[in-house]
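final35.pdb follows (PDB, C-alpha atoms, pLDDT in the B column):
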```
MODEL        1
ATOM      1  CA  MET R   1       8.329 -14.918  -8.806  1.00 92.00           C
ATOM      2  CA  LEU R   2       4.927 -13.584  -7.842  1.00 97.00           C
ATOM      3  CA  ARG R   3       3.499 -10.989 -10.193  1.00 98.00           C
ATOM      4  CA  THR R   4       2.738  -7.936  -8.078  1.00 98.00           C
ATOM      5  CA  ALA R   5       0.494  -4.936  -8.720  1.00 98.00           C
ATOM      6  CA  ILE R   6       1.032  -1.689  -6.820  1.00 98.00           C
ATOM      7  CA  LEU R   7      -2.027   0.554  -6.436  1.00 98.00           C
ATOM      8  CA  VAL R   8      -1.368   4.287  -6.044  1.00 97.00           C
ATOM      9  CA  SER R   9      -3.194   7.607  -5.811  1.00 94.00           C
ATOM     10  CA  GLY R  10      -0.484  10.249  -5.546  1.00 92.00           C
ATOM     11  CA  GLY R  11       3.240  10.902  -5.716  1.00 94.00           C
ATOM     12  CA  GLY R  12       4.265   7.295  -5.297  1.00 95.00           C
ATOM     13  CA  THR R  13       7.014   7.562  -2.665  1.00 95.00           C
ATOM     14  CA  ASN R  14       6.188   4.095  -1.341  1.00 96.00           C
ATOM     15  CA  LEU R  15       6.141   2.811  -4.912  1.00 97.00           C
ATOM     16  CA  GLN R  16       9.622   4.292  -5.352  1.00 97.00           C
ATOM     17  CA  ALA R  17      10.812   2.535  -2.192  1.00 97.00           C
ATOM     18  CA  ILE R  18       9.616  -0.769  -3.668  1.00 98.00           C
ATOM     19  CA  ILE R  19      11.234  -0.031  -7.047  1.00 98.00           C
ATOM     20  CA  ASP R  20      14.535   0.859  -5.329  1.00 98.00           C
ATOM     21  CA  ALA R  21      14.437  -2.310  -3.220  1.00 98.00           C
ATOM     22  CA  LYS R  22      13.719  -4.402  -6.307  1.00 98.00           C
ATOM     23  CA  THR R  23      16.626  -2.763  -8.181  1.00 97.00           C
ATOM     24  CA  ALA R  24      18.889  -3.483  -5.192  1.00 98.00           C
ATOM     25  CA  GLY R  25      17.952  -7.167  -5.300  1.00 97.00           C
ATOM     26  CA  LYS R  26      16.055  -7.086  -1.994  1.00 97.00           C
ATOM     27  CA  ILE R  27      12.734  -8.398  -3.352  1.00 97.00           C
ATOM     28  CA  PRO R  28      13.754 -11.451  -5.403  1.00 97.00           C
ATOM     29  CA  HIS R  29      10.432 -13.291  -5.051  1.00 97.00           C
ATOM     30  CA  THR R  30       8.364 -10.621  -6.814  1.00 97.00           C
ATOM     31  CA  GLU R  31       8.007  -9.237 -10.297  1.00 97.00           C
ATOM     32  CA  LEU R  32       6.728  -5.649 -10.385  1.00 98.00           C
ATOM     33  CA  ALA R  33       4.185  -6.327 -13.092  1.00 98.00           C
ATOM     34  CA  LEU R  34       1.679  -3.465 -12.921  1.00 98.00           C
ATOM     35  CA  VAL R  35       1.008  -0.058 -11.378  1.00 98.00           C
ATOM     36  CA  VAL R  36      -2.651   0.985 -11.102  1.00 98.00           C
ATOM     37  CA  ALA R  37      -3.464   4.644 -10.392  1.00 97.00           C
ATOM     38  CA  SER R  38      -6.845   5.855  -9.172  1.00 95.00           C
ATOM     39  CA  ARG R  39      -6.549   9.038 -11.261  1.00 94.00           C
ATOM     40  CA  GLU R  40      -4.663  10.506 -14.193  1.00 95.00           C
ATOM     41  CA  GLY R  41      -1.624  12.737 -13.913  1.00 95.00           C
ATOM     42  CA  VAL R  42      -0.215  11.480 -10.596  1.00 96.00           C
ATOM     43  CA  TYR R  43       3.565  11.418 -10.297  1.00 97.00           C
ATOM     44  CA  ALA R  44       3.510   7.731  -9.390  1.00 97.00           C
ATOM     45  CA  LEU R  45       2.746   7.021 -13.067  1.00 97.00           C
ATOM     46  CA  GLU R  46       5.993   8.763 -14.057  1.00 97.00           C
ATOM     47  CA  ARG R  47       7.889   6.669 -11.525  1.00 98.00           C
ATOM     48  CA  ALA R  48       6.375   3.524 -13.055  1.00 98.00           C
ATOM     49  CA  ALA R  49       7.308   4.647 -16.585  1.00 98.00           C
ATOM     50  CA  LYS R  50      10.912   5.393 -15.557  1.00 98.00           C
ATOM     51  CA  ALA R  51      11.168   1.929 -14.016  1.00 98.00           C
ATOM     52  CA  GLY R  52       9.655   0.266 -17.075  1.00 98.00           C
ATOM     53  CA  ILE R  53       6.589  -1.006 -15.207  1.00 98.00           C
ATOM     54  CA  PRO R  54       3.317  -1.113 -17.187  1.00 98.00           C
ATOM     55  CA  SER R  55       0.659   1.165 -15.713  1.00 98.00           C
ATOM     56  CA  GLN R  56      -3.050   1.752 -15.983  1.00 97.00           C
ATOM     57  CA  VAL R  57      -5.462   4.383 -14.678  1.00 97.00           C
ATOM     58  CA  LEU R  58      -8.660   2.959 -13.194  1.00 96.00           C
ATOM     59  CA  ARG R  59     -10.998   5.601 -11.819  1.00 94.00           C
ATOM     60  CA  LYS R  60     -14.036   4.815  -9.750  1.00 91.00           C
ATOM     61  CA  ASP R  61     -16.814   6.553 -11.647  1.00 88.00           C
ATOM     62  CA  LYS R  62     -19.122   8.855  -9.709  1.00 89.00           C
ATOM     63  CA  GLY R  63     -22.187   6.900  -8.659  1.00 91.00           C
ATOM     64  CA  GLU R  64     -20.673   3.595  -9.791  1.00 90.00           C
ATOM     65  CA  PRO R  65     -21.598   0.724  -7.453  1.00 91.00           C
ATOM     66  CA  VAL R  66     -18.515  -0.378  -5.525  1.00 91.00           C
ATOM     67  CA  GLU R  67     -18.925  -4.010  -6.559  1.00 92.00           C
ATOM     68  CA  GLN R  68     -18.985  -2.976 -10.223  1.00 95.00           C
ATOM     69  CA  TYR R  69     -15.777  -1.003  -9.727  1.00 95.00           C
ATOM     70  CA  GLY R  70     -14.366  -4.078  -7.998  1.00 96.00           C
ATOM     71  CA  GLU R  71     -15.215  -6.240 -11.016  1.00 97.00           C
ATOM     72  CA  ARG R  72     -13.363  -3.819 -13.306  1.00 96.00           C
ATOM     73  CA  LEU R  73     -10.349  -3.871 -11.017  1.00 97.00           C
ATOM     74  CA  LEU R  74     -10.439  -7.670 -10.771  1.00 98.00           C
ATOM     75  CA  ALA R  75     -10.612  -7.962 -14.551  1.00 97.00           C
ATOM     76  CA  LEU R  76      -7.510  -5.761 -14.837  1.00 97.00           C
ATOM     77  CA  LEU R  77      -5.634  -7.798 -12.224  1.00 98.00           C
ATOM     78  CA  ARG R  78      -6.622 -11.099 -13.842  1.00 97.00           C
ATOM     79  CA  VAL R  79      -5.635 -10.103 -17.373  1.00 98.00           C
ATOM     80  CA  ASN R  80      -2.223  -9.150 -15.966  1.00 98.00           C
ATOM     81  CA  ARG R  81      -2.009 -12.456 -14.026  1.00 98.00           C
ATOM     82  CA  ILE R  82      -1.467 -10.654 -10.716  1.00 98.00           C
ATOM     83  CA  ASP R  83      -0.657 -12.794  -7.661  1.00 97.00           C
ATOM     84  CA  LEU R  84      -0.108 -10.084  -5.037  1.00 98.00           C
ATOM     85  CA  VAL R  85      -1.439  -6.558  -4.553  1.00 98.00           C
ATOM     86  CA  VAL R  86       0.188  -3.701  -2.627  1.00 98.00           C
ATOM     87  CA  LEU R  87      -1.717  -0.576  -1.638  1.00 96.00           C
ATOM     88  CA  ALA R  88       0.867   2.220  -1.609  1.00 94.00           C
ATOM     89  CA  GLY R  89      -1.080   5.351  -0.755  1.00 88.00           C
ATOM     90  CA  PHE R  90      -4.186   4.103  -2.581  1.00 91.00           C
ATOM     91  CA  LEU R  91      -7.137   6.195  -1.404  1.00 85.00           C
ATOM     92  CA  THR R  92     -10.003   4.191  -2.915  1.00 86.00           C
ATOM     93  CA  ILE R  93     -11.518   1.676  -0.484  1.00 85.00           C
ATOM     94  CA  LEU R  94     -11.353  -1.794  -2.018  1.00 92.00           C
ATOM     95  CA  PRO R  95     -14.712  -3.559  -2.433  1.00 93.00           C
ATOM     96  CA  GLU R  96     -15.327  -6.923  -0.772  1.00 95.00           C
ATOM     97  CA  ASN R  97     -15.245  -8.838  -4.063  1.00 96.00           C
ATOM     98  CA  VAL R  98     -11.616  -7.771  -4.582  1.00 97.00           C
ATOM     99  CA  ILE R  99     -10.669  -8.547  -0.974  1.00 97.00           C
ATOM    100  CA  ARG R 100     -12.258 -12.009  -1.207  1.00 96.00           C
ATOM    101  CA  ALA R 101     -10.490 -12.780  -4.485  1.00 97.00           C
ATOM    102  CA  TYR R 102      -7.093 -11.845  -3.006  1.00 97.00           C
ATOM    103  CA  ASP R 103      -7.534 -13.049   0.567  1.00 96.00           C
ATOM    104  CA  HIS R 104      -4.249 -12.515   2.465  1.00 97.00           C
ATOM    105  CA  ARG R 105      -2.663 -11.338  -0.793  1.00 98.00           C
ATOM    106  CA  ILE R 106      -3.310  -7.576  -0.457  1.00 98.00           C
ATOM    107  CA  LEU R 107      -0.849  -5.549   1.625  1.00 98.00           C
ATOM    108  CA  ASN R 108      -1.350  -2.017   2.889  1.00 96.00           C
ATOM    109  CA  VAL R 109       1.019   0.356   4.669  1.00 96.00           C
ATOM    110  CA  HIS R 110      -0.486   2.637   7.320  1.00 95.00           C
ATOM    111  CA  PRO R 111       1.437   5.518   8.934  1.00 96.00           C
ATOM    112  CA  SER R 112       0.827   4.630  12.584  1.00 97.00           C
ATOM    113  CA  LEU R 113       1.284   1.729  14.966  1.00 98.00           C
ATOM    114  CA  ILE R 114      -2.072  -0.015  14.546  1.00 97.00           C
ATOM    115  CA  PRO R 115      -4.400  -0.119  16.529  1.00 96.00           C
ATOM    116  CA  SER R 116      -3.599   3.557  17.216  1.00 96.00           C
ATOM    117  CA  PHE R 117      -4.816   6.278  14.829  1.00 97.00           C
ATOM    118  CA  CYS R 118      -6.314   3.979  12.223  1.00 95.00           C
ATOM    119  CA  GLY R 119      -9.625   3.047  10.640  1.00 92.00           C
ATOM    120  CA  ALA R 120     -12.098   5.036   8.570  1.00 88.00           C
ATOM    121  CA  GLY R 121     -11.015   8.636   7.988  1.00 88.00           C
ATOM    122  CA  PHE R 122      -7.427   8.146   9.161  1.00 92.00           C
ATOM    123  CA  TYR R 123      -5.102   8.694   6.220  1.00 89.00           C
ATOM    124  CA  GLY R 124      -2.326  11.059   5.180  1.00 89.00           C
ATOM    125  CA  LEU R 125      -1.641  14.007   7.455  1.00 94.00           C
ATOM    126  CA  ARG R 126      -4.762  13.303   9.527  1.00 96.00           C
ATOM    127  CA  VAL R 127      -2.953  10.371  11.154  1.00 97.00           C
ATOM    128  CA  HIS R 128       0.003  12.511  12.214  1.00 98.00           C
ATOM    129  CA  GLU R 129      -2.230  15.374  13.345  1.00 97.00           C
ATOM    130  CA  ALA R 130      -4.081  12.945  15.618  1.00 97.00           C
ATOM    131  CA  ALA R 131      -0.837  11.516  17.010  1.00 97.00           C
ATOM    132  CA  LEU R 132       0.454  15.010  17.855  1.00 98.00           C
ATOM    133  CA  GLN R 133      -2.858  16.069  19.385  1.00 97.00           C
ATOM    134  CA  LYS R 134      -2.782  13.005  21.629  1.00 97.00           C
ATOM    135  CA  GLY R 135       0.769  13.753  22.697  1.00 97.00           C
ATOM    136  CA  VAL R 136       2.241  10.322  21.982  1.00 97.00           C
ATOM    137  CA  LYS R 137       6.026  10.008  22.243  1.00 97.00           C
ATOM    138  CA  VAL R 138       6.291   7.137  19.756  1.00 98.00           C
ATOM    139  CA  THR R 139       4.466   6.523  16.492  1.00 98.00           C
ATOM    140  CA  GLY R 140       5.495   4.544  13.406  1.00 98.00           C
ATOM    141  CA  ALA R 141       4.126   2.509  10.536  1.00 98.00           C
ATOM    142  CA  THR R 142       2.336  -0.802  10.072  1.00 98.00           C
ATOM    143  CA  VAL R 143       2.101  -3.138   7.098  1.00 98.00           C
ATOM    144  CA  HIS R 144      -0.984  -5.341   7.286  1.00 98.00           C
ATOM    145  CA  PHE R 145      -3.157  -7.568   5.152  1.00 98.00           C
ATOM    146  CA  VAL R 146      -6.328  -5.915   3.881  1.00 97.00           C
ATOM    147  CA  ASN R 147      -9.732  -7.172   4.945  1.00 95.00           C
ATOM    148  CA  GLU R 148     -13.215  -5.637   4.887  1.00 93.00           C
ATOM    149  CA  ILE R 149     -12.468  -3.440   7.948  1.00 92.00           C
ATOM    150  CA  PRO R 150     -10.335  -0.338   7.213  1.00 90.00           C
ATOM    151  CA  ASP R 151      -6.859  -1.019   8.681  1.00 92.00           C
ATOM    152  CA  GLY R 152      -8.339  -4.127  10.337  1.00 94.00           C
ATOM    153  CA  GLY R 153      -6.429  -6.980   8.700  1.00 96.00           C
ATOM    154  CA  ASP R 154      -3.696  -9.127  10.251  1.00 97.00           C
ATOM    155  CA  ILE R 155      -0.504  -7.202  11.026  1.00 98.00           C
ATOM    156  CA  ILE R 156       2.584  -8.304   9.065  1.00 98.00           C
ATOM    157  CA  ALA R 157       5.191  -5.878  10.421  1.00 98.00           C
ATOM    158  CA  GLN R 158       5.549  -2.693  12.449  1.00 98.00           C
ATOM    159  CA  LYS R 159       8.342  -0.197  13.058  1.00 98.00           C
ATOM    160  CA  ALA R 160       8.407   2.509  15.708  1.00 98.00           C
ATOM    161  CA  VAL R 161       9.505   6.118  15.143  1.00 98.00           C
ATOM    162  CA  ASP R 162      10.114   8.726  17.841  1.00 98.00           C
ATOM    163  CA  VAL R 163       7.974  11.854  17.979  1.00 98.00           C
ATOM    164  CA  LEU R 164      10.281  14.838  18.545  1.00 97.00           C
ATOM    165  CA  PRO R 165       9.631  18.141  20.330  1.00 96.00           C
ATOM    166  CA  GLY R 166       8.487  20.759  17.846  1.00 96.00           C
ATOM    167  CA  ASP R 167       7.211  18.212  15.307  1.00 97.00           C
ATOM    168  CA  THR R 168       4.535  19.325  12.888  1.00 97.00           C
ATOM    169  CA  PRO R 169       2.282  16.870  11.050  1.00 97.00           C
ATOM    170  CA  GLU R 170       4.486  17.423   7.983  1.00 97.00           C
ATOM    171  CA  THR R 171       7.835  16.779   9.713  1.00 98.00           C
ATOM    172  CA  LEU R 172       6.420  13.739  11.488  1.00 98.00           C
ATOM    173  CA  GLN R 173       4.969  12.388   8.245  1.00 97.00           C
ATOM    174  CA  ARG R 174       8.353  12.700   6.555  1.00 97.00           C
ATOM    175  CA  ARG R 175      10.209  10.957   9.385  1.00 98.00           C
ATOM    176  CA  VAL R 176       7.682   8.101   9.499  1.00 98.00           C
ATOM    177  CA  MET R 177       8.097   7.641   5.738  1.00 96.00           C
ATOM    178  CA  GLU R 178      11.902   7.690   5.824  1.00 97.00           C
ATOM    179  CA  GLN R 179      12.436   5.665   9.003  1.00 98.00           C
ATOM    180  CA  ALA R 180       9.519   3.230   8.763  1.00 98.00           C
ATOM    181  CA  GLU R 181       7.308   3.059   5.668  1.00 97.00           C
ATOM    182  CA  TRP R 182      10.031   2.987   3.004  1.00 97.00           C
ATOM    183  CA  LEU R 183      11.949   0.254   4.871  1.00 97.00           C
ATOM    184  CA  LEU R 184       9.016  -1.764   6.151  1.00 97.00           C
ATOM    185  CA  LEU R 185       6.899  -2.082   3.006  1.00 97.00           C
ATOM    186  CA  PRO R 186       9.509  -3.629   0.658  1.00 97.00           C
ATOM    187  CA  LYS R 187      10.641  -6.059   3.374  1.00 97.00           C
ATOM    188  CA  ALA R 188       7.073  -7.099   4.193  1.00 98.00           C
ATOM    189  CA  LEU R 189       6.361  -7.587   0.484  1.00 98.00           C
ATOM    190  CA  GLU R 190       9.382  -9.878   0.159  1.00 98.00           C
ATOM    191  CA  ASP R 191       8.477 -11.823   3.326  1.00 97.00           C
ATOM    192  CA  VAL R 192       4.917 -12.448   2.099  1.00 97.00           C
ATOM    193  CA  ALA R 193       6.043 -13.327  -1.441  1.00 97.00           C
ATOM    194  CA  GLN R 194       8.671 -15.712  -0.123  1.00 96.00           C
ATOM    195  CA  ALA R 195       6.146 -17.456   2.160  1.00 96.00           C
ATOM    196  CA  LEU R 196       3.586 -17.794  -0.655  1.00 95.00           C
ATOM    197  CA  THR R 197       6.256 -19.117  -3.032  1.00 93.00           C
ATOM    198  CA  LYS R 198       7.144 -21.848  -0.522  1.00 90.00           C
ATOM    199  CA  GLU R 199       3.441 -22.726  -0.058  1.00 86.00           C
ATOM    200  CA  GLU R 200       2.954 -23.107  -3.805  1.00 77.00           C
ATOM    201  CA  LYS R 201       5.902 -25.438  -4.341  1.00 69.00           C
TER     202      LYS R 201
ENDMDL
END
```

Is it possible to express this structure as structure tokens?
Amino acid sequence: MLRTAILVSGGGTNLQAIIDAKTAGKIPHTELALVVASREGVYALERAAKAGIPSQVLRKDKGEPVEQYGERLLALLRVNRIDLVVLAGFLTILPENVIRAYDHRILNVHPSLIPSFCGAGFYGLRVHEAALQKGVKVTGATVHFVNEIPDGGDIIAQKAVDVLPGDTPETLQRRVMEQAEWLLLPKALEDVAQALTKEEK
């Protein structure tokens, strides 16, 4: 099993989807070994505690060089012998030294069908606001590997979700989570872990 760290910044709904999938036996090739939060007091830390997953808060200090923050994060991942990293609503941009160290081993979920409504500045409700402003009839979610370009890494999986008349950014966000993100992310994690396990044998 690959030791997996999940990085979070907020409520942890995607973390919960992974925990539920693990409990249901749907992610057999991973061990949920660590949750890292970018700030104290987020509900994701409570979810980790309830699931018995060790957690740590690692803030990026104001004015701290990004590479230095990256070294602190890498040290935390290494001491916990982490093989795979999942960004589940993690709002701190990962420095290049972390991305290089975990090349094609960092997954991110984005709430649109990349290449639409993605890149720098597109996160949270902003993505759904942009989709509604554009008038698209279909949106969705994408799980991709992380590289140095925001939302620019290789796509692992996508799932489409219909935009409905009368949608608000909030209702669309909820539907994308329920119908795409929470299903797609655990499955993509298992697919990647399974492939890496076969490579390492």

Once you count only C-alpha atoms, what closest atom pair and distance in Å to one decimal does each residue of range 48-128 of chain R within 8 Å of range 24-40 of chain R have, with rows by chain and rising residue number, as CSV?
```
residue,atom,partner,partner_atom,distance
R:Ala48,CA,R:Val35,CA,6.7
R:Ile53,CA,R:Leu34,CA,5.9
R:Pro54,CA,R:Leu34,CA,5.1
R:Ser55,CA,R:Val35,CA,4.5
R:Gln56,CA,R:Val36,CA,5.0
R:Val57,CA,R:Ala37,CA,4.7
R:Leu58,CA,R:Ser38,CA,5.3
R:Arg59,CA,R:Ser38,CA,4.9
R:Lys60,CA,R:Ser38,CA,7.3
R:Asn80,CA,R:Leu34,CA,7.5
R:Ile82,CA,R:Ala33,CA,7.5
R:Phe90,CA,R:Ser38,CA,7.3
R:Leu91,CA,R:Ser38,CA,7.8
R:Thr92,CA,R:Ser38,CA,7.2
```

### Task
Could you check which of R:Gly152, R:Gly11, R:Gly70, R:Pro65 is closest to Gly119 in chain R, using all atoms listed in the file?
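Result for the nearest residue to Gly119 in chain R: R:Gly152.
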
#### Entry: Nearest to Asn108 in chain R by atom-to-atom distance, counting only C-alpha atoms, from R:Glu170, R:Glu199, R:Glu71, R:Asp154
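Ranking R:Glu170, R:Glu199, R:Glu71, R:Asp154 by distance to Asn108 in chain R, first place goes to R:Asp154.
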
### Message
I'd like to know which of R:Ala51, R:Ala157, R:Leu164, R:Ala141 is closest to Glu178 in chain R, using all atoms listed in the file.
### Response
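Looking only at the distances to Glu178 in chain R, the closest residue turns out to be R:Ala141.
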
### Query
Do you have the CA of Ala130 in chain R-CA of Ile106 in chain R distance handy?
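We find that CA of Ala130 in chain R and CA of Ile106 in chain R lie 26.1 Å from each other.
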
Output, as lines of an AutoDock Vina configuration file, the centre and edge lengths in Å (one decimal) of the axis-aligned box that contains all listed atoms of range 148-165 of chain R with 4 Å of margin on each side.
```
center_x = -1.5
center_y = 4.5
center_z = 12.6
size_x = 31.5
size_y = 35.3
size_z = 23.4
```
